[in-house]
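**Q** Structure supplied as query31.cif; contents: mmCIF, C-alpha atoms.
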data_target
loop_
_atom_site.label_atom_id
_atom_site.label_comp_id
_atom_site.auth_asym_id
_atom_site.auth_seq_id
_atom_site.Cartn_x
_atom_site.Cartn_y
_atom_site.Cartn_z
CA MET A 1 122.34 146.14 84.55
CA ALA A 2 123.45 142.71 85.72
CA GLY A 3 120.42 140.45 85.81
CA GLN A 4 119.43 138.60 88.93
CA GLU A 5 120.08 135.22 87.30
CA ARG A 6 123.59 136.13 86.18
CA LEU A 7 124.39 137.52 89.61
CA CYS A 8 123.16 134.27 91.15
CA ARG A 9 125.29 132.28 88.71
CA VAL A 10 128.40 134.10 89.99
CA VAL A 11 127.58 134.33 93.70
CA HIS A 12 126.05 130.89 94.26
CA PRO A 13 129.07 128.75 93.28
CA ILE A 14 131.35 130.94 95.42
CA LEU A 15 129.13 130.36 98.45
CA LYS A 16 128.69 126.66 97.76
CA TRP A 17 132.34 125.86 97.21
CA GLY A 18 133.47 128.14 100.02
CA MET A 19 131.16 126.27 102.38
CA LEU A 20 132.05 122.78 101.14
CA LEU A 21 135.81 123.43 101.20
CA SER A 22 135.77 124.87 104.69
CA LEU A 23 133.50 122.07 105.91
CA ALA A 24 135.88 119.45 104.52
CA LEU A 25 138.91 121.12 106.10
CA LEU A 26 137.22 121.68 109.48
CA ILE A 27 135.93 118.11 109.72
CA SER A 28 139.24 116.53 108.67
CA GLY A 29 141.11 118.80 111.10
CA LEU A 30 138.80 117.88 113.96
CA LEU A 31 139.06 114.16 113.18
CA LEU A 32 142.87 114.35 112.92
CA GLY A 33 142.94 116.29 116.19
CA MET A 34 140.85 113.72 117.99
CA GLY A 35 143.02 110.89 116.65
CA ALA A 36 146.25 112.61 117.68
CA GLY A 37 144.88 113.87 120.98
CA THR A 38 146.88 117.07 120.60
CA GLU A 39 146.42 120.25 122.59
CA MET A 40 143.44 122.06 121.10
CA GLU A 41 144.09 125.77 121.58
CA GLY A 42 144.69 128.89 119.47
CA THR A 43 145.21 129.14 115.72
CA LEU A 44 148.21 128.80 113.43
CA PRO A 45 149.68 131.99 111.91
CA LEU A 46 149.24 132.28 108.14
CA GLU A 47 152.88 131.55 107.25
CA GLU A 48 152.96 128.27 109.20
CA ILE A 49 149.88 126.76 107.52
CA PRO A 50 151.57 125.26 104.38
CA GLN A 51 154.19 123.38 106.42
CA GLY A 52 151.48 122.33 108.88
CA MET A 53 149.38 120.87 106.05
CA VAL A 54 152.39 118.83 104.86
CA ASP A 55 152.95 117.55 108.42
CA LEU A 56 149.22 116.70 108.73
CA ASP A 57 148.98 119.08 111.69
CA PRO A 58 145.27 119.14 112.66
CA LEU A 59 145.54 122.77 113.70
CA ALA A 60 146.68 123.72 110.17
CA PHE A 61 143.60 122.06 108.68
CA VAL A 62 141.20 123.74 111.11
CA THR A 63 142.84 127.16 110.72
CA LEU A 64 142.75 126.94 106.94
CA GLY A 65 139.10 125.85 107.12
CA LEU A 66 138.27 128.89 109.25
CA LEU A 67 140.15 131.18 106.86
CA MET A 68 138.22 129.71 103.92
CA LEU A 69 135.00 130.39 105.80
CA ILE A 70 136.05 133.99 106.55
CA ALA A 71 137.15 134.55 102.95
CA THR A 72 133.86 133.38 101.41
CA PRO A 73 131.77 136.54 102.02
CA LEU A 74 134.67 138.69 100.80
CA THR A 75 135.10 136.57 97.66
CA ARG A 76 131.43 136.90 96.78
CA VAL A 77 131.66 140.70 96.91
CA LEU A 78 134.74 140.46 94.66
CA GLY A 79 132.90 138.09 92.33
CA ALA A 80 129.97 140.49 92.09
CA LEU A 81 132.36 143.38 91.42
CA CYS A 82 133.97 141.46 88.53
CA LEU A 83 130.53 140.74 87.04
CA PHE A 84 129.45 144.38 87.30
CA LEU A 85 132.73 145.53 85.69
CA GLY A 86 132.31 142.96 82.91
CA GLU A 87 128.78 144.15 82.22
CA LYS A 88 129.81 147.83 82.45
CA ASP A 89 127.31 148.36 85.25
CA TRP A 90 129.35 151.23 86.70
CA LYS A 91 126.88 152.16 89.40
CA PHE A 92 127.02 148.75 91.06
CA ALA A 93 130.73 148.36 90.35
CA LEU A 94 131.20 151.55 92.37
CA ILE A 95 128.91 150.29 95.15
CA SER A 96 130.87 147.00 95.41
CA THR A 97 134.16 148.91 95.44
CA VAL A 98 132.93 151.11 98.29
CA VAL A 99 131.93 147.99 100.27
CA LEU A 100 135.32 146.35 99.67
CA SER A 101 137.21 149.52 100.61
CA ALA A 102 135.19 149.91 103.80
CA VAL A 103 135.98 146.29 104.75
CA VAL A 104 139.71 146.81 104.06
CA LEU A 105 139.69 150.08 106.02
CA ALA A 106 137.97 148.41 108.97
CA ILE A 107 140.55 145.61 108.98
CA LEU A 108 143.46 148.06 108.75
CA LEU A 109 142.06 150.18 111.59
CA GLY A 110 141.54 147.07 113.70
CA THR A 111 144.91 145.42 113.20
CA VAL A 112 147.15 148.49 113.51
CA MET B 1 139.28 121.47 125.08
CA ASP B 2 137.61 118.09 125.35
CA ALA B 3 136.20 116.48 122.20
CA LEU B 4 132.94 115.67 123.96
CA VAL B 5 132.49 119.30 125.09
CA LEU B 6 133.09 120.43 121.50
CA LEU B 7 130.43 118.02 120.28
CA VAL B 8 127.89 119.36 122.80
CA ILE B 9 128.77 122.95 121.82
CA ALA B 10 128.27 122.07 118.13
CA LEU B 11 124.88 120.50 118.85
CA LEU B 12 123.69 123.47 120.92
CA CYS B 13 124.93 125.96 118.32
CA MET B 14 122.59 124.37 115.78
CA SER B 15 119.76 126.40 117.35
CA ALA B 16 121.69 129.63 116.62
CA GLY B 17 122.05 128.63 112.97
CA THR B 18 118.37 127.75 112.63
CA ILE B 19 117.07 130.96 114.22
CA GLY B 20 119.69 132.97 112.32
CA ALA B 21 118.62 131.55 108.97
CA LEU B 22 114.91 132.07 109.75
CA MET B 23 115.16 135.56 111.23
CA GLY B 24 118.09 137.05 109.34
CA ILE B 25 120.21 137.54 112.43
CA GLY B 26 123.71 136.32 113.18
CA GLY B 27 123.03 134.24 116.23
CA GLY B 28 125.67 135.97 118.35
CA LEU B 29 122.84 136.69 120.76
CA ILE B 30 122.57 132.95 121.35
CA ILE B 31 126.18 131.82 120.90
CA ILE B 32 127.86 134.32 123.25
CA PRO B 33 125.72 133.67 126.36
CA LEU B 34 125.75 129.94 125.58
CA LEU B 35 129.55 129.80 125.57
CA THR B 36 130.21 132.23 128.43
CA LEU B 37 127.41 131.27 130.81
CA GLY B 38 127.01 127.64 129.78
CA PHE B 39 130.64 126.60 129.36
CA GLY B 40 132.58 129.27 131.23
CA ILE B 41 134.51 130.24 128.11
CA PRO B 42 136.18 133.70 128.39
CA MET B 43 134.23 136.54 126.73
CA GLN B 44 136.88 137.31 124.12
CA GLU B 45 137.09 133.71 122.89
CA ALA B 46 133.29 133.54 122.85
CA ILE B 47 133.04 136.69 120.72
CA GLY B 48 135.60 135.29 118.27
CA ALA B 49 133.69 132.01 117.98
CA SER B 50 130.44 133.89 117.59
CA LEU B 51 131.88 135.95 114.69
CA ILE B 52 132.77 132.68 112.97
CA GLY B 53 129.27 131.43 113.75
CA VAL B 54 127.73 134.52 112.14
CA ILE B 55 129.72 133.95 108.94
CA ALA B 56 128.69 130.29 108.94
CA THR B 57 124.99 131.21 109.35
CA SER B 58 125.28 133.73 106.55
CA THR B 59 127.09 131.48 104.09
CA GLY B 60 125.17 128.33 105.02
CA ALA B 61 121.76 129.92 104.58
CA ALA B 62 122.74 132.02 101.57
CA THR B 63 123.71 129.00 99.47
CA LYS B 64 120.00 128.13 99.53
CA TYR B 65 118.48 131.63 99.57
CA VAL B 66 120.54 133.01 96.68
CA LYS B 67 119.44 130.12 94.51
CA GLN B 68 115.80 130.67 95.47
CA GLY B 69 116.12 134.37 94.68
CA LEU B 70 115.17 135.26 98.25
CA THR B 71 118.47 137.09 98.74
CA ASN B 72 118.47 140.44 96.98
CA VAL B 73 122.19 140.64 96.24
CA ARG B 74 122.10 144.18 94.85
CA LEU B 75 120.11 145.49 97.82
CA ALA B 76 122.58 143.74 100.14
CA LEU B 77 125.56 145.44 98.47
CA PHE B 78 123.76 148.79 98.47
CA LEU B 79 123.10 148.69 102.22
CA GLU B 80 126.46 147.11 103.07
CA MET B 81 128.06 150.41 102.04
CA SER B 82 126.48 152.24 104.93
CA THR B 83 126.48 149.44 107.54
CA THR B 84 130.20 148.79 107.12
CA ALA B 85 131.02 152.50 107.20
CA GLY B 86 128.71 152.93 110.20
CA SER B 87 130.33 150.08 112.10
CA ILE B 88 133.78 151.66 111.65
CA VAL B 89 132.51 154.94 113.10
CA GLY B 90 130.78 153.02 115.90
CA ALA B 91 133.92 151.08 116.82
CA LEU B 92 136.01 154.26 116.79
CA ILE B 93 133.71 156.20 119.11
CA ALA B 94 132.84 153.23 121.34
CA VAL B 95 135.58 154.23 123.78
CA TYR B 96 133.99 157.61 124.39
CA THR B 97 130.40 156.54 124.96
CA ASP B 98 128.41 155.34 127.91
CA GLN B 99 127.45 151.72 127.24
CA ALA B 100 124.54 151.70 129.68
CA VAL B 101 122.79 154.64 128.00
CA LEU B 102 123.40 153.08 124.59
CA PHE B 103 121.98 149.74 125.67
CA LEU B 104 118.84 151.45 126.92
CA LEU B 105 118.47 153.49 123.72
CA PHE B 106 119.00 150.36 121.67
CA SER B 107 116.37 148.48 123.69
CA ALA B 108 113.92 151.31 123.08
CA LEU B 109 114.66 151.12 119.35
CA LEU B 110 114.09 147.35 119.37
CA LEU B 111 110.80 147.70 121.25
CA TYR B 112 109.62 150.32 118.76
CA SER B 113 110.64 148.16 115.77
CA GLY B 114 108.86 145.17 117.29
CA TYR B 115 105.73 147.22 117.81
CA THR B 116 105.75 148.54 114.22
CA MET B 117 106.30 145.07 112.82
CA LEU B 118 103.37 143.69 114.79
CA ARG B 119 101.03 146.52 113.90
CA ARG B 120 101.70 146.74 110.21
CA THR B 121 100.86 144.08 107.73
CA GLU B 122 103.09 143.31 104.80
CA LEU B 123 103.06 146.06 102.20
CA PHE B 124 105.09 145.91 99.05
CA PHE B 125 105.16 147.46 95.61
CA SER B 126 105.66 146.14 92.12
CA PRO B 127 108.80 147.34 90.30
CA GLU B 128 106.59 149.56 88.07
CA GLU B 129 105.26 151.46 91.06
CA VAL B 130 108.69 152.56 92.24
CA LYS B 131 110.04 153.72 88.86
CA ALA B 132 111.27 157.08 90.20
CA GLU B 133 113.43 155.41 92.86
CA ALA B 134 114.52 152.67 90.50
CA GLN B 135 115.98 155.30 88.19
CA MET B 136 118.39 156.23 90.94
CA VAL B 137 119.37 152.67 91.81
CA ASP B 138 117.29 149.76 90.59
CA LEU B 139 117.00 147.19 93.38
CA SER B 140 113.88 145.37 92.16
CA CYS B 141 113.99 141.65 92.59
CA ARG B 142 111.78 138.59 92.32
CA TYR B 143 111.57 135.27 94.09
CA ILE B 144 109.30 132.28 94.34
CA ASP B 145 107.85 131.96 97.84
CA PRO B 146 108.99 128.54 99.07
CA ARG B 147 105.71 128.07 100.96
CA SER B 148 103.04 129.17 98.49
CA SER B 149 105.11 128.71 95.29
CA CYS B 150 103.83 132.14 94.16
CA GLU B 151 106.18 134.42 92.30
CA VAL B 152 106.72 137.70 94.15
CA ASN B 153 108.01 140.60 92.09
CA TYR B 154 108.84 143.65 94.15
CA GLY B 155 110.44 147.07 93.89
CA VAL B 156 112.39 148.72 96.70
CA LYS B 157 111.35 152.10 98.07
CA GLY B 158 112.89 154.56 100.54
CA LEU B 159 116.50 154.21 99.40
CA LYS B 160 117.84 157.27 101.22
CA LYS B 161 115.98 156.39 104.40
CA GLY B 162 117.26 152.82 104.16
CA LEU B 163 120.86 153.97 103.75
CA ALA B 164 120.57 156.37 106.68
CA TYR B 165 118.98 153.85 109.04
CA SER B 166 121.36 151.06 108.11
CA SER B 167 124.33 153.30 108.83
CA VAL B 168 122.81 153.73 112.28
CA ALA B 169 122.42 149.94 112.46
CA GLY B 170 126.08 149.53 111.55
CA MET B 171 127.14 152.15 114.05
CA LEU B 172 125.17 150.46 116.83
CA SER B 173 126.69 147.09 116.05
CA GLY B 174 130.15 148.69 116.11
CA LEU B 175 129.33 150.33 119.43
CA LEU B 176 127.63 147.44 121.18
CA GLY B 177 128.82 144.41 119.24
CA VAL B 178 125.23 143.30 118.65
CA GLY B 179 122.23 144.13 116.61
CA GLY B 180 123.22 143.99 112.95
CA GLY B 181 120.35 141.84 111.75
CA LEU B 182 117.90 142.95 114.41
CA VAL B 183 117.88 146.45 112.92
CA LYS B 184 118.38 145.57 109.25
CA VAL B 185 115.31 143.38 108.94
CA PRO B 186 112.84 146.03 110.25
CA VAL B 187 114.57 148.73 108.15
CA MET B 188 114.14 146.74 104.96
CA SER B 189 110.70 145.46 105.82
CA VAL B 190 109.13 148.65 107.22
CA CYS B 191 111.03 151.54 105.57
CA MET B 192 111.93 149.99 102.23
CA CYS B 193 108.84 147.82 101.72
CA VAL B 194 110.84 144.65 101.06
CA PRO B 195 108.79 141.45 101.63
CA LEU B 196 109.76 139.94 104.98
CA LYS B 197 111.24 136.70 103.66
CA ALA B 198 113.42 138.63 101.22
CA ALA B 199 114.40 141.07 103.99
CA THR B 200 115.39 138.19 106.25
CA ALA B 201 117.43 136.42 103.58
CA THR B 202 119.11 139.68 102.51
CA SER B 203 119.97 140.64 106.10
CA ASN B 204 121.38 137.17 106.63
CA PHE B 205 123.54 137.61 103.53
CA MET B 206 124.81 141.02 104.70
CA ILE B 207 125.90 140.03 108.20
CA GLY B 208 128.54 137.73 106.71
CA VAL B 209 130.38 140.77 105.36
CA THR B 210 129.99 142.70 108.62
CA ALA B 211 131.32 139.80 110.70
CA LEU B 212 134.26 138.99 108.47
CA THR B 213 136.13 142.20 109.33
CA GLY B 214 135.86 141.35 113.02
CA ALA B 215 136.92 137.77 112.38
CA ILE B 216 140.04 138.82 110.45
CA ILE B 217 141.00 141.28 113.20
CA PHE B 218 140.56 138.54 115.83
CA TYR B 219 142.63 136.09 113.76
CA GLY B 220 145.34 138.72 113.25
CA HIS B 221 145.63 139.16 117.00
CA GLY B 222 145.67 135.38 117.55
CA LEU B 223 142.41 135.56 119.51
CA LEU B 224 140.52 132.78 117.74
CA ASN B 225 140.34 129.39 119.42
CA ALA B 226 140.44 127.20 116.31
CA TYR B 227 138.74 124.07 117.64
CA LEU B 228 136.02 125.97 119.45
CA CYS B 229 135.37 128.01 116.29
CA ALA B 230 135.28 124.83 114.20
CA ALA B 231 132.72 123.24 116.52
CA VAL B 232 130.55 126.37 116.45
CA ALA B 233 130.83 126.62 112.65
CA LEU B 234 129.86 122.98 112.08
CA GLY B 235 126.86 123.21 114.40
CA VAL B 236 125.72 126.49 112.88
CA PHE B 237 126.04 125.18 109.31
CA ALA B 238 123.78 122.25 110.18
CA GLY B 239 121.33 124.55 111.97
CA ALA B 240 121.24 127.04 109.11
CA TYR B 241 120.37 124.22 106.74
CA ILE B 242 117.42 123.27 108.93
CA GLY B 243 116.42 126.96 109.08
CA THR B 244 116.25 127.23 105.30
CA MET B 245 113.97 124.17 105.21
CA LEU B 246 111.70 125.67 107.90
CA MET B 247 111.46 128.90 105.90
CA ALA B 248 109.21 126.99 103.48
CA LYS B 249 106.88 125.98 106.33
CA TYR B 250 106.09 129.41 107.75
CA SER B 251 104.14 132.28 106.23
CA SER B 252 105.50 135.83 106.24
CA ASN B 253 102.99 136.78 108.91
CA GLN B 254 104.09 134.01 111.25
CA LEU B 255 107.73 135.00 110.74
CA ARG B 256 106.87 138.65 111.31
CA LYS B 257 105.25 137.81 114.64
CA GLY B 258 108.18 135.58 115.56
CA PHE B 259 110.60 138.38 114.74
CA ALA B 260 108.66 140.90 116.84
CA ILE B 261 108.72 138.50 119.80
CA LEU B 262 112.47 138.03 119.32
CA LEU B 263 112.91 141.83 119.39
CA PHE B 264 110.93 142.08 122.64
CA ILE B 265 112.96 139.29 124.27
CA VAL B 266 116.29 140.86 123.27
CA ALA B 267 115.15 144.31 124.41
CA ALA B 268 114.01 142.91 127.76
CA SER B 269 117.27 141.01 128.29
CA MET B 270 119.27 144.15 127.47
CA ILE B 271 117.31 146.24 129.92
CA LEU B 272 117.87 143.57 132.57
CA LYS B 273 121.56 143.44 131.69
CA THR B 274 121.90 147.21 132.00
CA ALA B 275 120.19 147.03 135.36
CA GLY B 276 122.80 144.45 136.33
CA LEU B 277 120.24 141.71 136.86
CA TRP B 278 121.32 139.31 134.14
CA GLY B 279 124.65 138.63 132.50
CA GLY B 280 123.57 137.47 129.06
CA ALA B 281 122.83 139.03 125.64
#
Here is a file; write its structure as structure tokens.
**A**
Amino acid sequence: MAGQERLCRVVHPILKWGMLLSLALLISGLLLGMGAGTEMEGTLPLEEIPQGMVDLDPLAFVTLGLLMLIATPLTRVLGALCLFLGEKDWKFALISTVVLSAVVLAILLGTV
Amino acid sequence: MDALVLLVIALLCMSAGTIGALMGIGGGLIIIPLLTLGFGIPMQEAIGASLIGVIATSTGAATKYVKQGLTNVRLALFLEMSTTAGSIVGALIAVYTDQAVLFLLFSALLLYSGYTMLRRTELFFSPEEVKAEAQMVDLSCRYIDPRSSCEVNYGVKGLKKGLAYSSVAGMLSGLLGVGGGLVKVPVMSVCMCVPLKAATATSNFMIGVTALTGAIIFYGHGLLNAYLCAAVALGVFAGAYIGTMLMAKYSSNQLRKGFAILLFIVAASMILKTAGLWGGA
């Protein structure tokens, strides 16, 4: 049984760093965008983000920031799953796997 | 979109973050009408931005609540199983259902939950008292109340009921696009005997996972407006931070009353909306 403190020690840093990273990216993207005065619409597709970051494209920064934000809740479920597996807490490992599978299924159903 | 408009949107979205962090809801109820009615932003873009706002409320508040022990991570995972599954079913059958009838049913459910929350006082059990249920899945947790500094050690009851009701909550949010937190908090508080502050924090934690599927789907279809989403996220983060500070100022009873009032307001606005009298909610 994974203790509450150990669970917190895994989940808390994921939340904190997820939030700080996305905040940093969003703010720098917005500032860059205001400086450049570029058209502020839409998002950048995943494959164009790396090149956009190199070119200091504000939209690349904002999009990556949003993706970081979206990924944070998913990462914390993954983090909890790893902890449960490590502590051989099979019941909760199974519960986390069911949650992850349901999320993946929902995304697949929605994007197809 | 103009930088000044984005700044105003961010400032106004702070209220959504604060209420979300205090009440365990996503804040879509505030963000969507604000963007569509207040700024004339198309519904689809507003929903996308609101999904991002929900994740920001969840993550922003959870950084504080997880550390305080208010978030019951295991309970959140346990119920996320059925809410996520329920929301898939809801989204799949949404095409075949009559929205007006659903809105009315949902309003009735909210009114009933509000009434129960007002009538009942907080009732919770120590982990020892719920041993039989804990043998199935142990969801006991403890936290230090930020207001009274008392340690609260509680066990969770009604696991099957909780799973069943939260699948209904998930289904409703898949069907109507609202109502995740509004149903989860009463389910945890009334059916599962979770202390209100823990129920709020746990609900807040859960909605991040529910919203992320929607957000990914919106991103995949290129439906997110990046700068609008960024403005909403920044405002909500700041608001959620304020909400976590306010949590220490209010007692569970005050929050319970506040939540019941919120349920009544939402139910009333939904009934008005169904009657075609108001365009919000």
**Q** Starting from the displayed file, determine the output of the PyMOL selection byres ((chain A) within 7 of (chain B)) and express the residue list as a list of chain:residue names.
**A**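 Those residues are A:Cys8, A:His12, A:Leu15, A:Lys16, A:Met19, A:Leu26, A:Met34, A:Met40, A:Glu41, A:Gly42, A:Thr43, A:Val62, A:Thr63, A:Ile70, A:Pro73, A:Leu74, A:Ile95, A:Ser96, A:Val98, A:Val99, A:Ala102, A:Val103, A:Ala106, A:Ile107, A:Gly110, A:Thr111.
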**Q** When you look at stretch 20-25 of chain A with a cut-off of 6 Å (counting only C-alpha atoms), what residues show up, excluding the ones that are within fewer than 2 positions of it in the same chain? I need them as a ChimeraX atom specification.
**A** /A:17-18,27-29,61,65,68-69
**Q** Just the selected residues (C-alpha atoms), exported as a PDB file, in the coordinates of the input, please.
**A**
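The resulting selection_24.pdb:
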ATOM      1  CA  TRP A  17     132.340 125.860  97.210  1.00  0.00           C
ATOM      2  CA  GLY A  18     133.470 128.140 100.020  1.00  0.00           C
ATOM      3  CA  ILE A  27     135.930 118.110 109.720  1.00  0.00           C
ATOM      4  CA  SER A  28     139.240 116.530 108.670  1.00  0.00           C
ATOM      5  CA  GLY A  29     141.110 118.800 111.100  1.00  0.00           C
ATOM      6  CA  PHE A  61     143.600 122.060 108.680  1.00  0.00           C
ATOM      7  CA  GLY A  65     139.100 125.850 107.120  1.00  0.00           C
ATOM      8  CA  MET A  68     138.220 129.710 103.920  1.00  0.00           C
ATOM      9  CA  LEU A  69     135.000 130.390 105.800  1.00  0.00           C
TER      10      LEU A  69
END
**Q** One number please: atom CA of B:Gly243 to atom CA of B:Thr200, in Å, one decimal.
**A** 11.6 Å
**Q** Step by step, work through what the PyMOL selection byres ((chain B and resi 264) around 9) selects in the shown file, and finish by giving those residues as number ranges by chain.
**A** B: 107, 110-111, 114-115, 259-263, 265-269
**Q** Using all atoms listed in the file, find the one residue out of B:Ile9, B:Gly239, B:Leu196, B:Gly174 that sits nearest to B:Asp145.
**A**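 For B:Asp145, the nearest of the candidates is B:Leu196.
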**Q** Using all atoms listed in the file, which of the listed residues (B:Leu7, B:Ala132, B:Met117, B:Leu172) sits closest to B:Val187?
**A** B:Met117
**Q** Could you write out as an MDAnalysis selection string the residues that the PyMOL selection byres ((chain B and resi 19-35) around 6) matches in the shown file?
**A** chainID B and resid 16:18 36:39 41 46 50 54 61 181 200:201 203:204 240 243 280:281
**Q** Between atom CA of B:Asn153 and atom CA of B:Gly180, what distance in Å does the model show, to one decimal?
**A**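 Separation between atom CA of B:Asn153 and atom CA of B:Gly180: 26.0 Å.
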**Q** Any idea what the distance is between atom CA of B:Leu102 and atom CA of B:Thr57?
**A**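 Separation between atom CA of B:Leu102 and atom CA of B:Thr57: 26.7 Å.
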